[in-house]
2 protein chains.
Amino acid sequence: MTVRPIIALDAMGGDGGPAITIAAAEIAHKRYPKLSFRFYGREDAIRAELARAPRVAKNAVIVHSDEEVLGTDKPSQVLRRARRSSMGMAVEAVKAGEAHAAVSAGNTGALMAIAKLGLRTMEGIDRPALAALLPTLRSESVMLDLGANTECDEKNLVQFAVMGAAFARTVLGLKKPKVALLNIGEEDLKGTHELKAAAAMLRGADLPMEFVGFTEGDKISKGDIDVIVTDGFSGNIALKTAEGTAKLVVTLLANAFRSSALTKLGYIMSRPALRALRGHLDPNNHNGAVFLGLNGIVVKSHGSATARGVANAIGVAHDLVTADITRRIASDLANFDAHRAPAAAE
Amino acid sequence: MTVRPIIALDAMGGDGGPAITIAAAEIAHKRYPKLSFRFYGREDAIRAELARAPRVAKNAVIVHSDEEVLGTDKPSQVLRRARRSSMGMAVEAVKAGEAHAAVSAGNTGALMAIAKLGLRTMEGIDRPALAALLPTLRSESVMLDLGANTECDEKNLVQFAVMGAAFARTVLGLKKPKVALLNIGEEDLKGTHELKAAAAMLRGADLPMEFVGFTEGDKISKGDIDVIVTDGFSGNIALKTAEGTAKLVVTLLANAFRSSALTKLGYIMSRPALRALRGHLDPNNHNGAVFLGLNGIVVKSHGSATARGVANAIGVAHDLVTADITRRIASDLANFDAHRAPAAAE
């Protein structure tokens, strides 16, 4: 167990840059006073912000970097100068053991490429996956993969299930999370060969999760399933469709409220209710996607997250570090393989 | 052009049975007085309902059937007794030229199997697709395939684009609909091989549509794209995720309104606004999914649709019949192939 988690922060990533990153660290430090930080980016800008963040200032190391990864950069360009960019240096700090986790709000594709190259995929995992929390009617669920792997075979899906369950146990505090494969029907006959094969492998597995079979897109937001496992293509489509639909409904609602004097008055009176709704759906409250399956923890924050949002992403990193997620996944995998071996020999 | 469209209705499909089906036909007849109907199902039940539907009673033929397809029936079971079930007989009427289109609110998988076997796939189309209208910020967009084909190659996707554009021109009244392929990013490099190949084929095509490249899940509900083309797996996931998310937001909103006396009062005053929102999202207002690419028109209504909802599905059938959608698709395909031939020979 880590006593004092050190978080490497890419101060230049995201729309807000150092101002948001350091304000976020200040919020996170209030919640987790044992945290300390390593900031990567333009030293003068970081130093100026630290003047406004007394808690962080006492627990920070600044490492200067002139280069930053832009939102428009292609992963191939980024990799060539990874060691000099603030994002690359934050990931490198995890590799070198100078930090326990890296957090960046920069370009997702670039962060994925840098993290994969720098930290390498952990033993027993063929491909890392991007996992995140989604708001549901009950509270939050984990979904993965969200776009790291366009096509996946059954082994990938099974490994995602193992990693997602470990993530849910850690971040949602569940003992035996309910895990399902996303499909176009709940019947055993539905879906691709890969999904059916993955379901067969997971069905009898002795793992700290409850595998409940297939689930469908309209069930995601109900929150009955804790971990929704899918390939990166479908996961990305589902995540973005959910975001778009939530935005549509909220926009239609706002338009409807503006339609008459009576509804405008109704809006004013309903404001606390609408604020609660917005809070539940606000991506800042569910911020912090994680690249699972690497030899090290890398958390991706939304590019447009507020300081509170980035603080939540730092909180996710904190939870994963203190729970030693990488070791958890490794031990679950070893267990799973040990129990599968006899069955495979039958 | 058909002068008097005849619609074959599976009176037994859906949760509402003959009561909803005949009430729906009455509403549809008020809108389209040239319609006439053939009802398939239990004669006594249908006759009892016709007593309440004077317009339809004057324009109806009843064909008795003892058997109905249940929601739990498997397509293989259904096919064996297709000729005797109300659903199978409605589709058969289209094949026999006794009706111009069939409408059923029954089991989707069964209807798809019966329609494919009975009407066969039209020339130039490798696989039929399920298309439907989705509510957007602007009005409605077409999405296909929604689940008929779990895996699709580039030729399938191109054919879906051609069929979806013809559908949008007919049902949405657009001259040159904007068509995009659903992907996990808008850049040319993103996505599967099939998507990139389909984009290349559509890019220079001379078709009555504007191909705009790739789009993402969060763009669907904006309504900037008129036709969203995807494989049946991703389409089904996107459609159901959108439905689930809309339900989540509306439920959260209702819960929020119940949170205090003030917000309860606010709710009462906002009711007209909320009714408008619910109307925009109500699946009954977007009812009527279509199996495109068959030698005949088959429309699937939601199983839980109201009479107004089923009337909308009948309206979709009416529009497709009067626009002669099958011939439109055939002519677009012929045009497309004629223009592609020289390029392929290069």
# chains A, B, ... in the order shown; residues from 1 in each chain; ligands from 1
>>> select_by_dssp(residues="segment 119-290 of chain A", states="strand (DSSP E or B)", output="ChimeraX atom specification")
/A:121,129-135,140-144,178-182,210-215,227-229,289-290
>>> write_last_selection(atoms="N, CA, C and O atoms", output="short mmCIF file (atom, residue, chain, number, x, y, z; two decimals), in the first residue's frame")
data_model
loop_
_atom_site.label_atom_id
_atom_site.label_comp_id
_atom_site.auth_asym_id
_atom_site.auth_seq_id
_atom_site.Cartn_x
_atom_site.Cartn_y
_atom_site.Cartn_z
N THR A 121 2.16 -2.92 -22.17
CA THR A 121 0.99 -3.67 -21.72
C THR A 121 1.42 -4.66 -20.63
O THR A 121 2.48 -5.28 -20.74
N ALA A 129 -7.29 -1.19 -22.42
CA ALA A 129 -8.61 -0.65 -22.78
C ALA A 129 -8.85 0.66 -22.04
O ALA A 129 -8.27 0.90 -20.98
N LEU A 130 -9.70 1.47 -22.61
CA LEU A 130 -10.07 2.74 -21.99
C LEU A 130 -11.41 2.55 -21.26
O LEU A 130 -12.40 2.16 -21.87
N ALA A 131 -11.40 2.81 -19.95
CA ALA A 131 -12.61 2.62 -19.14
C ALA A 131 -13.03 3.95 -18.53
O ALA A 131 -12.19 4.79 -18.22
N ALA A 132 -14.33 4.13 -18.35
CA ALA A 132 -14.81 5.34 -17.70
C ALA A 132 -16.11 5.08 -16.96
O ALA A 132 -16.72 4.03 -17.12
N LEU A 133 -16.49 6.02 -16.13
CA LEU A 133 -17.73 5.95 -15.37
C LEU A 133 -18.84 6.69 -16.11
O LEU A 133 -18.60 7.77 -16.65
N LEU A 134 -20.02 6.11 -16.14
CA LEU A 134 -21.18 6.75 -16.76
C LEU A 134 -22.25 6.99 -15.71
O LEU A 134 -22.46 6.15 -14.85
N PRO A 135 -22.96 8.11 -15.80
CA PRO A 135 -24.07 8.33 -14.87
C PRO A 135 -25.22 7.37 -15.19
O PRO A 135 -25.52 7.14 -16.36
N GLU A 140 -23.48 5.17 -10.74
CA GLU A 140 -22.53 5.16 -11.85
C GLU A 140 -22.21 3.72 -12.24
O GLU A 140 -22.21 2.83 -11.40
N SER A 141 -21.91 3.51 -13.51
CA SER A 141 -21.43 2.22 -13.97
C SER A 141 -20.14 2.42 -14.74
O SER A 141 -19.85 3.51 -15.22
N VAL A 142 -19.37 1.33 -14.85
CA VAL A 142 -18.11 1.36 -15.61
C VAL A 142 -18.40 0.82 -17.01
O VAL A 142 -19.12 -0.17 -17.16
N MET A 143 -17.85 1.46 -18.03
CA MET A 143 -17.93 0.88 -19.38
C MET A 143 -16.53 0.85 -19.98
O MET A 143 -15.75 1.77 -19.80
N LEU A 144 -16.21 -0.24 -20.68
CA LEU A 144 -14.96 -0.36 -21.41
C LEU A 144 -15.11 -1.40 -22.50
O LEU A 144 -15.98 -2.25 -22.37
N LYS A 178 -21.63 -6.62 -10.86
CA LYS A 178 -22.36 -7.31 -11.93
C LYS A 178 -21.74 -6.90 -13.27
O LYS A 178 -21.67 -5.71 -13.58
N VAL A 179 -21.33 -7.90 -14.05
CA VAL A 179 -20.64 -7.64 -15.32
C VAL A 179 -21.47 -8.21 -16.47
O VAL A 179 -21.98 -9.32 -16.36
N ALA A 180 -21.62 -7.45 -17.56
CA ALA A 180 -22.34 -7.96 -18.73
C ALA A 180 -21.62 -7.54 -20.01
O ALA A 180 -20.89 -6.54 -20.03
N LEU A 181 -21.83 -8.31 -21.06
CA LEU A 181 -21.32 -7.97 -22.39
C LEU A 181 -22.40 -7.21 -23.15
O LEU A 181 -23.55 -7.65 -23.19
N LEU A 182 -22.03 -6.11 -23.77
CA LEU A 182 -23.00 -5.32 -24.54
C LEU A 182 -23.30 -6.04 -25.85
O LEU A 182 -22.39 -6.40 -26.59
N GLU A 210 -19.94 -10.94 -10.70
CA GLU A 210 -21.06 -11.77 -11.08
C GLU A 210 -21.32 -11.54 -12.56
O GLU A 210 -21.76 -10.45 -12.95
N PHE A 211 -21.02 -12.54 -13.38
CA PHE A 211 -21.25 -12.38 -14.81
C PHE A 211 -22.71 -12.67 -15.12
O PHE A 211 -23.21 -13.75 -14.85
N VAL A 212 -23.42 -11.69 -15.69
CA VAL A 212 -24.86 -11.84 -15.88
C VAL A 212 -25.25 -12.04 -17.34
O VAL A 212 -26.43 -12.03 -17.67
N GLY A 213 -24.27 -12.21 -18.24
CA GLY A 213 -24.58 -12.49 -19.64
C GLY A 213 -24.56 -11.25 -20.51
O GLY A 213 -23.71 -10.39 -20.33
N PHE A 214 -25.53 -11.17 -21.42
CA PHE A 214 -25.59 -10.04 -22.35
C PHE A 214 -26.51 -8.95 -21.83
O PHE A 214 -27.49 -9.22 -21.14
N THR A 215 -26.21 -7.72 -22.21
CA THR A 215 -27.11 -6.61 -21.93
C THR A 215 -27.27 -5.79 -23.21
O THR A 215 -26.53 -6.00 -24.17
N VAL A 227 -20.64 -3.19 -14.66
CA VAL A 227 -19.55 -3.13 -15.63
C VAL A 227 -20.07 -3.58 -16.99
O VAL A 227 -20.52 -4.73 -17.14
N ILE A 228 -20.04 -2.69 -17.97
CA ILE A 228 -20.50 -3.01 -19.33
C ILE A 228 -19.27 -3.19 -20.20
O ILE A 228 -18.47 -2.26 -20.38
N VAL A 229 -19.12 -4.40 -20.74
CA VAL A 229 -17.93 -4.75 -21.52
C VAL A 229 -18.27 -4.77 -22.99
O VAL A 229 -19.27 -5.38 -23.39
N ALA A 289 -11.20 9.03 -17.23
CA ALA A 289 -11.16 7.74 -17.92
C ALA A 289 -9.79 7.14 -17.68
O ALA A 289 -8.81 7.86 -17.53
N VAL A 290 -9.73 5.82 -17.62
CA VAL A 290 -8.48 5.16 -17.24
C VAL A 290 -8.04 4.20 -18.32
O VAL A 290 -8.86 3.47 -18.88
#
>>> residues_around(residues="segment 80-94 of chain B", least_positions_apart="6", cutoff="8 Å", atoms="only C-alpha atoms", output="ChimeraX atom specification")
/B:8-13,38-41,64-69,100-104,106,111,114-115,118-119,296-298
>>> write_last_selection(atoms="N, CA, C and O atoms", output="short mmCIF file (atom, residue, chain, number, x, y, z; two decimals), in the first residue's frame")
data_model
loop_
_atom_site.label_atom_id
_atom_site.label_comp_id
_atom_site.auth_asym_id
_atom_site.auth_seq_id
_atom_site.Cartn_x
_atom_site.Cartn_y
_atom_site.Cartn_z
N ALA B 8 -51.77 -4.06 -45.79
CA ALA B 8 -52.06 -5.32 -45.09
C ALA B 8 -51.62 -5.16 -43.63
O ALA B 8 -50.45 -4.87 -43.36
N LEU B 9 -52.56 -5.31 -42.70
CA LEU B 9 -52.25 -5.11 -41.28
C LEU B 9 -52.31 -6.41 -40.50
O LEU B 9 -53.34 -7.11 -40.54
N ASP B 10 -51.23 -6.72 -39.82
CA ASP B 10 -51.21 -7.85 -38.88
C ASP B 10 -51.94 -7.39 -37.62
O ASP B 10 -51.37 -6.67 -36.80
N ALA B 11 -53.20 -7.77 -37.50
CA ALA B 11 -54.03 -7.23 -36.41
C ALA B 11 -53.64 -7.79 -35.05
O ALA B 11 -54.00 -7.23 -34.01
N MET B 12 -52.89 -8.89 -35.04
CA MET B 12 -52.58 -9.56 -33.77
C MET B 12 -51.23 -9.12 -33.18
O MET B 12 -50.94 -9.39 -32.01
N GLY B 13 -50.39 -8.46 -33.96
CA GLY B 13 -49.05 -8.08 -33.47
C GLY B 13 -49.12 -6.94 -32.47
O GLY B 13 -50.08 -6.17 -32.46
N ARG B 38 -56.40 -4.47 -45.43
CA ARG B 38 -56.67 -5.89 -45.29
C ARG B 38 -56.17 -6.29 -43.90
O ARG B 38 -55.00 -6.08 -43.58
N PHE B 39 -57.07 -6.79 -43.08
CA PHE B 39 -56.70 -7.18 -41.71
C PHE B 39 -56.49 -8.68 -41.63
O PHE B 39 -57.33 -9.44 -42.13
N TYR B 40 -55.43 -9.09 -40.97
CA TYR B 40 -55.14 -10.51 -40.78
C TYR B 40 -55.14 -10.82 -39.29
O TYR B 40 -54.43 -10.16 -38.53
N GLY B 41 -55.98 -11.81 -38.89
CA GLY B 41 -56.05 -12.17 -37.48
C GLY B 41 -57.40 -12.80 -37.16
O GLY B 41 -58.12 -13.20 -38.06
N HIS B 64 -59.25 -14.25 -41.98
CA HIS B 64 -59.13 -14.92 -40.69
C HIS B 64 -57.83 -15.73 -40.57
O HIS B 64 -57.39 -16.38 -41.51
N SER B 65 -57.24 -15.65 -39.37
CA SER B 65 -56.09 -16.49 -39.05
C SER B 65 -56.18 -16.86 -37.58
O SER B 65 -56.41 -16.00 -36.72
N ASP B 66 -56.01 -18.15 -37.29
CA ASP B 66 -56.05 -18.63 -35.91
C ASP B 66 -54.72 -18.43 -35.21
O ASP B 66 -54.65 -18.40 -33.99
N GLU B 67 -53.67 -18.33 -36.00
CA GLU B 67 -52.32 -18.36 -35.39
C GLU B 67 -51.71 -16.98 -35.37
O GLU B 67 -51.84 -16.20 -36.31
N GLU B 68 -51.01 -16.72 -34.27
CA GLU B 68 -50.26 -15.46 -34.25
C GLU B 68 -48.83 -15.72 -33.79
O GLU B 68 -48.55 -16.69 -33.09
N VAL B 69 -47.93 -14.85 -34.22
CA VAL B 69 -46.53 -14.94 -33.82
C VAL B 69 -46.39 -14.30 -32.45
O VAL B 69 -46.84 -13.18 -32.24
N HIS B 100 -50.17 -3.29 -51.03
CA HIS B 100 -48.95 -2.57 -51.43
C HIS B 100 -47.90 -2.57 -50.35
O HIS B 100 -46.73 -2.32 -50.62
N ALA B 101 -48.32 -2.78 -49.10
CA ALA B 101 -47.36 -2.77 -47.99
C ALA B 101 -47.96 -3.54 -46.82
O ALA B 101 -49.19 -3.61 -46.69
N ALA B 102 -47.10 -4.11 -45.99
CA ALA B 102 -47.56 -4.79 -44.78
C ALA B 102 -47.04 -4.03 -43.56
O ALA B 102 -45.92 -3.51 -43.57
N VAL B 103 -47.88 -3.94 -42.53
CA VAL B 103 -47.49 -3.30 -41.27
C VAL B 103 -47.75 -4.28 -40.14
O VAL B 103 -48.85 -4.84 -40.05
N SER B 104 -46.75 -4.50 -39.27
CA SER B 104 -46.94 -5.38 -38.12
C SER B 104 -46.22 -4.80 -36.91
O SER B 104 -45.16 -4.19 -37.04
N GLY B 106 -45.52 -6.89 -34.44
CA GLY B 106 -45.05 -8.12 -33.79
C GLY B 106 -43.54 -8.21 -33.69
O GLY B 106 -42.82 -7.28 -34.06
N LEU B 111 -40.55 -11.03 -38.00
CA LEU B 111 -41.02 -10.26 -39.15
C LEU B 111 -39.93 -10.16 -40.21
O LEU B 111 -40.17 -10.28 -41.41
N ILE B 114 -39.61 -13.60 -41.93
CA ILE B 114 -40.76 -13.85 -42.81
C ILE B 114 -40.68 -12.96 -44.05
O ILE B 114 -40.91 -13.41 -45.18
N ALA B 115 -40.34 -11.69 -43.84
CA ALA B 115 -40.30 -10.74 -44.96
C ALA B 115 -39.19 -11.11 -45.94
O ALA B 115 -39.37 -11.06 -47.16
N GLY B 118 -40.28 -14.35 -47.71
CA GLY B 118 -41.47 -14.18 -48.55
C GLY B 118 -41.22 -13.26 -49.74
O GLY B 118 -41.63 -13.56 -50.86
N LEU B 119 -40.56 -12.14 -49.49
CA LEU B 119 -40.44 -11.12 -50.54
C LEU B 119 -39.10 -11.16 -51.27
O LEU B 119 -38.98 -10.62 -52.35
N GLY B 296 -40.78 -5.38 -51.91
CA GLY B 296 -42.06 -5.09 -51.27
C GLY B 296 -41.80 -4.31 -50.00
O GLY B 296 -40.68 -4.31 -49.48
N ILE B 297 -42.83 -3.65 -49.53
CA ILE B 297 -42.68 -2.75 -48.38
C ILE B 297 -43.22 -3.41 -47.11
O ILE B 297 -44.38 -3.82 -47.07
N VAL B 298 -42.37 -3.49 -46.10
CA VAL B 298 -42.78 -4.04 -44.80
C VAL B 298 -42.37 -3.04 -43.72
O VAL B 298 -41.21 -2.65 -43.65
#
>>> interface_residues(of="chain B", to="chain A", cutoff="7 Å", atoms="only C-alpha atoms", output="MDAnalysis selection string")
chainID B and resid 137 150 184 191:192 216:219 221 233:234 236:238 240:246 248:249 252:253 256:257 259 262:263 266:267 269:270 273:274 276:277
>>> select_by_dssp(residues="segment 98-297 of chain B", states="helix (DSSP H, G or I)", output="PyMOL selection string")
chain B and resi 108-119+154-171+193-203+217-222+232-257+261-281+283-286
>>> atom_distance(atom1="atom CA of Ala161 of chain A", atom2="atom CA of Ala110 of chain A")
24.7 Å
>>> residues_around(residues="Asp15 of chain B", least_positions_apart="2", cutoff="7 Å", atoms="only C-alpha atoms", output="ChimeraX atom specification")
/B:13,17,303-304
>>> atom_distance(atom1="atom CA of Val171 of chain B", atom2="atom CA of Arg203 of chain B")
24.2 Å
>>> closest_residue(among="A:Gln77, A:Asn312, A:Thr170, A:Asn284", to="Ile27 of chain A", atoms="only C-alpha atoms")
A:Asn312
>>> closest_residue(among="B:Arg169, B:Arg55, B:Lys300, B:Arg327", to="Ile314 of chain B", atoms="only C-alpha atoms")
B:Lys300
>>> closest_residue(among="B:Ser139, B:Thr322, B:Ser76, B:Gln159", to="Gly124 of chain B", atoms="only C-alpha atoms")
B:Gln159
>>> decode(residues="segment 76-105 of chain A", atoms="N, CA and C atoms", output="PDB file, in the first residue's frame")
ATOM      1  N   SER A  76       1.450   9.581 -34.298  1.00  0.00           N
ATOM      2  CA  SER A  76       2.788   9.297 -34.821  1.00  0.00           C
ATOM      3  C   SER A  76       3.732  10.486 -34.605  1.00  0.00           C
ATOM      4  N   GLN A  77       3.236  11.705 -34.831  1.00  0.00           N
ATOM      5  CA  GLN A  77       4.055  12.907 -34.602  1.00  0.00           C
ATOM      6  C   GLN A  77       4.411  13.017 -33.130  1.00  0.00           C
ATOM      7  N   VAL A  78       3.417  12.728 -32.301  1.00  0.00           N
ATOM      8  CA  VAL A  78       3.567  12.911 -30.865  1.00  0.00           C
ATOM      9  C   VAL A  78       4.636  11.964 -30.307  1.00  0.00           C
ATOM     10  N   LEU A  79       4.627  10.731 -30.817  1.00  0.00           N
ATOM     11  CA  LEU A  79       5.561   9.729 -30.290  1.00  0.00           C
ATOM     12  C   LEU A  79       7.005  10.128 -30.532  1.00  0.00           C
ATOM     13  N   ARG A  80       7.247  10.755 -31.687  1.00  0.00           N
ATOM     14  CA  ARG A  80       8.618  11.126 -32.035  1.00  0.00           C
ATOM     15  C   ARG A  80       9.233  12.073 -30.993  1.00  0.00           C
ATOM     16  N   ARG A  81       8.392  12.972 -30.445  1.00  0.00           N
ATOM     17  CA  ARG A  81       8.948  13.924 -29.470  1.00  0.00           C
ATOM     18  C   ARG A  81       8.301  13.738 -28.095  1.00  0.00           C
ATOM     19  N   ALA A  82       7.942  12.473 -27.808  1.00  0.00           N
ATOM     20  CA  ALA A  82       7.236  12.176 -26.557  1.00  0.00           C
ATOM     21  C   ALA A  82       8.061  12.572 -25.331  1.00  0.00           C
ATOM     22  N   ARG A  83       9.374  12.341 -25.395  1.00  0.00           N
ATOM     23  CA  ARG A  83      10.195  12.572 -24.206  1.00  0.00           C
ATOM     24  C   ARG A  83      10.333  14.040 -23.852  1.00  0.00           C
ATOM     25  N   ARG A  84      10.021  14.906 -24.805  1.00  0.00           N
ATOM     26  CA  ARG A  84      10.186  16.332 -24.526  1.00  0.00           C
ATOM     27  C   ARG A  84       8.862  17.004 -24.181  1.00  0.00           C
ATOM     28  N   SER A  85       7.721  16.374 -24.488  1.00  0.00           N
ATOM     29  CA  SER A  85       6.428  17.024 -24.245  1.00  0.00           C
ATOM     30  C   SER A  85       5.994  16.838 -22.787  1.00  0.00           C
ATOM     31  N   SER A  86       5.174  17.774 -22.312  1.00  0.00           N
ATOM     32  CA  SER A  86       4.707  17.699 -20.920  1.00  0.00           C
ATOM     33  C   SER A  86       3.933  16.399 -20.691  1.00  0.00           C
ATOM     34  N   MET A  87       3.141  15.965 -21.701  1.00  0.00           N
ATOM     35  CA  MET A  87       2.374  14.727 -21.571  1.00  0.00           C
ATOM     36  C   MET A  87       3.310  13.525 -21.479  1.00  0.00           C
ATOM     37  N   GLY A  88       4.287  13.482 -22.396  1.00  0.00           N
ATOM     38  CA  GLY A  88       5.236  12.360 -22.421  1.00  0.00           C
ATOM     39  C   GLY A  88       6.052  12.290 -21.135  1.00  0.00           C
ATOM     40  N   MET A  89       6.443  13.456 -20.605  1.00  0.00           N
ATOM     41  CA  MET A  89       7.259  13.478 -19.390  1.00  0.00           C
ATOM     42  C   MET A  89       6.454  13.018 -18.170  1.00  0.00           C
ATOM     43  N   ALA A  90       5.154  13.339 -18.154  1.00  0.00           N
ATOM     44  CA  ALA A  90       4.313  12.894 -17.031  1.00  0.00           C
ATOM     45  C   ALA A  90       4.199  11.366 -17.032  1.00  0.00           C
ATOM     46  N   VAL A  91       4.015  10.784 -18.224  1.00  0.00           N
ATOM     47  CA  VAL A  91       3.933   9.327 -18.320  1.00  0.00           C
ATOM     48  C   VAL A  91       5.291   8.705 -17.974  1.00  0.00           C
ATOM     49  N   GLU A  92       6.349   9.325 -18.469  1.00  0.00           N
ATOM     50  CA  GLU A  92       7.707   8.833 -18.211  1.00  0.00           C
ATOM     51  C   GLU A  92       7.996   8.793 -16.702  1.00  0.00           C
ATOM     52  N   ALA A  93       7.436   9.752 -15.963  1.00  0.00           N
ATOM     53  CA  ALA A  93       7.637   9.800 -14.512  1.00  0.00           C
ATOM     54  C   ALA A  93       7.071   8.547 -13.844  1.00  0.00           C
ATOM     55  N   VAL A  94       5.946   8.037 -14.376  1.00  0.00           N
ATOM     56  CA  VAL A  94       5.355   6.811 -13.833  1.00  0.00           C
ATOM     57  C   VAL A  94       6.280   5.632 -14.130  1.00  0.00           C
ATOM     58  N   LYS A  95       6.800   5.604 -15.344  1.00  0.00           N
ATOM     59  CA  LYS A  95       7.696   4.525 -15.739  1.00  0.00           C
ATOM     60  C   LYS A  95       8.955   4.515 -14.861  1.00  0.00           C
ATOM     61  N   ALA A  96       9.477   5.709 -14.610  1.00  0.00           N
ATOM     62  CA  ALA A  96      10.724   5.832 -13.853  1.00  0.00           C
ATOM     63  C   ALA A  96      10.512   5.663 -12.352  1.00  0.00           C
ATOM     64  N   GLY A  97       9.259   5.505 -11.920  1.00  0.00           N
ATOM     65  CA  GLY A  97       8.989   5.346 -10.494  1.00  0.00           C
ATOM     66  C   GLY A  97       9.025   6.658  -9.721  1.00  0.00           C
ATOM     67  N   GLU A  98       9.004   7.771 -10.421  1.00  0.00           N
ATOM     68  CA  GLU A  98       8.978   9.071  -9.747  1.00  0.00           C
ATOM     69  C   GLU A  98       7.560   9.497  -9.366  1.00  0.00           C
ATOM     70  N   ALA A  99       6.571   8.842  -9.992  1.00  0.00           N
ATOM     71  CA  ALA A  99       5.170   9.120  -9.663  1.00  0.00           C
ATOM     72  C   ALA A  99       4.397   7.810  -9.716  1.00  0.00           C
ATOM     73  N   HIS A 100       3.249   7.781  -9.010  1.00  0.00           N
ATOM     74  CA  HIS A 100       2.438   6.562  -8.993  1.00  0.00           C
ATOM     75  C   HIS A 100       1.391   6.537 -10.096  1.00  0.00           C
ATOM     76  N   ALA A 101       1.053   7.713 -10.618  1.00  0.00           N
ATOM     77  CA  ALA A 101       0.043   7.787 -11.673  1.00  0.00           C
ATOM     78  C   ALA A 101       0.236   9.084 -12.438  1.00  0.00           C
ATOM     79  N   ALA A 102      -0.177   9.082 -13.698  1.00  0.00           N
ATOM     80  CA  ALA A 102      -0.135  10.299 -14.509  1.00  0.00           C
ATOM     81  C   ALA A 102      -1.562  10.690 -14.864  1.00  0.00           C
ATOM     82  N   VAL A 103      -1.835  12.001 -14.873  1.00  0.00           N
ATOM     83  CA  VAL A 103      -3.153  12.517 -15.262  1.00  0.00           C
ATOM     84  C   VAL A 103      -2.939  13.578 -16.336  1.00  0.00           C
ATOM     85  N   SER A 104      -3.670  13.460 -17.448  1.00  0.00           N
ATOM     86  CA  SER A 104      -3.569  14.455 -18.510  1.00  0.00           C
ATOM     87  C   SER A 104      -4.947  14.719 -19.093  1.00  0.00           C
ATOM     88  N   ALA A 105      -5.197  15.978 -19.458  1.00  0.00           N
ATOM     89  CA  ALA A 105      -6.451  16.324 -20.123  1.00  0.00           C
ATOM     90  C   ALA A 105      -6.211  16.546 -21.611  1.00  0.00           C
TER      91      ALA A 105
END
